[in-house]
Amino acid sequence: MTEEIEIPFQPGDNIEILDGSFKGEKGTIIAVYNNSSAIELTTKETNGKPRKTVISHKHYKLTT
């Protein structure tokens, strides 16, 4: 039997990072995995591309 885990986060949700080297930064979820999410941060790299990271669900919160 396989059980589906319900994750309360969806791509497009806005978040704020609570822990780690990106603490305090805001971003948008671009993909959701079992234990983590891929995040596109609001800050840009020096070449103008958006910064991206993968972070555990327990290290961010949803914002409005």
# chains A, B, ... in the order shown; residues from 1 in each chain; ligands from 1
call {"tool": "closest_atom_pairs", "arguments": {"of": "stretch 41-63 of chain A", "to": "stretch 25-35 of chain A", "cutoff": "9 Å", "atoms": "only C-alpha atoms", "output": "JSON lines"}}
result
{"residue": "A:Leu41", "atom": "CA", "partner": "A:Gly27", "partner_atom": "CA", "distance": 4.0}
{"residue": "A:Thr42", "atom": "CA", "partner": "A:Gly27", "partner_atom": "CA", "distance": 5.1}
{"residue": "A:Thr43", "atom": "CA", "partner": "A:Glu25", "partner_atom": "CA", "distance": 8.0}
{"residue": "A:Lys52", "atom": "CA", "partner": "A:Gly27", "partner_atom": "CA", "distance": 8.9}
{"residue": "A:Ile55", "atom": "CA", "partner": "A:Asn35", "partner_atom": "CA", "distance": 8.5}
{"residue": "A:Ser56", "atom": "CA", "partner": "A:Asn35", "partner_atom": "CA", "distance": 5.8}
{"residue": "A:His57", "atom": "CA", "partner": "A:Asn35", "partner_atom": "CA", "distance": 6.2}
{"residue": "A:Lys58", "atom": "CA", "partner": "A:Asn35", "partner_atom": "CA", "distance": 8.7}
{"residue": "A:Thr63", "atom": "CA", "partner": "A:Lys26", "partner_atom": "CA", "distance": 8.8}
call {"tool": "write_last_selection", "arguments": {"atoms": "C-alpha atoms", "output": "PDB file, in the first residue's frame"}}
result
ATOM      1  CA  LEU A  41      14.468  34.047  -4.009  1.00  0.00           C
ATOM      2  CA  THR A  42      13.453  37.661  -4.600  1.00  0.00           C
ATOM      3  CA  THR A  43      17.109  38.765  -4.649  1.00  0.00           C
ATOM      4  CA  LYS A  52      17.435  29.543  -6.319  1.00  0.00           C
ATOM      5  CA  ILE A  55      15.175  24.133   1.654  1.00  0.00           C
ATOM      6  CA  SER A  56      13.424  21.863   4.163  1.00  0.00           C
ATOM      7  CA  HIS A  57       9.741  22.573   4.882  1.00  0.00           C
ATOM      8  CA  LYS A  58      10.516  23.226   8.555  1.00  0.00           C
ATOM      9  CA  THR A  63       3.526  34.667   3.809  1.00  0.00           C
TER      10      THR A  63
END
call {"tool": "select_by_dssp", "arguments": {"residues": "chain A", "states": "strand (DSSP E)", "output": "ChimeraX atom specification"}}
result
/A:14-17,26-32,36-44,50-56,60-62
call {"tool": "atom_distance", "arguments": {"atom1": "atom CA of A:His59", "atom2": "atom CA of A:Glu6"}}
result
17.7 Å
call {"tool": "atom_distance", "arguments": {"atom1": "atom CA of A:Ala38", "atom2": "atom CA of A:Thr64"}}
result
18.4 Å
call {"tool": "atom_distance", "arguments": {"atom1": "atom CA of A:Ile7", "atom2": "atom CA of A:Lys49"}}
result
28.5 Å
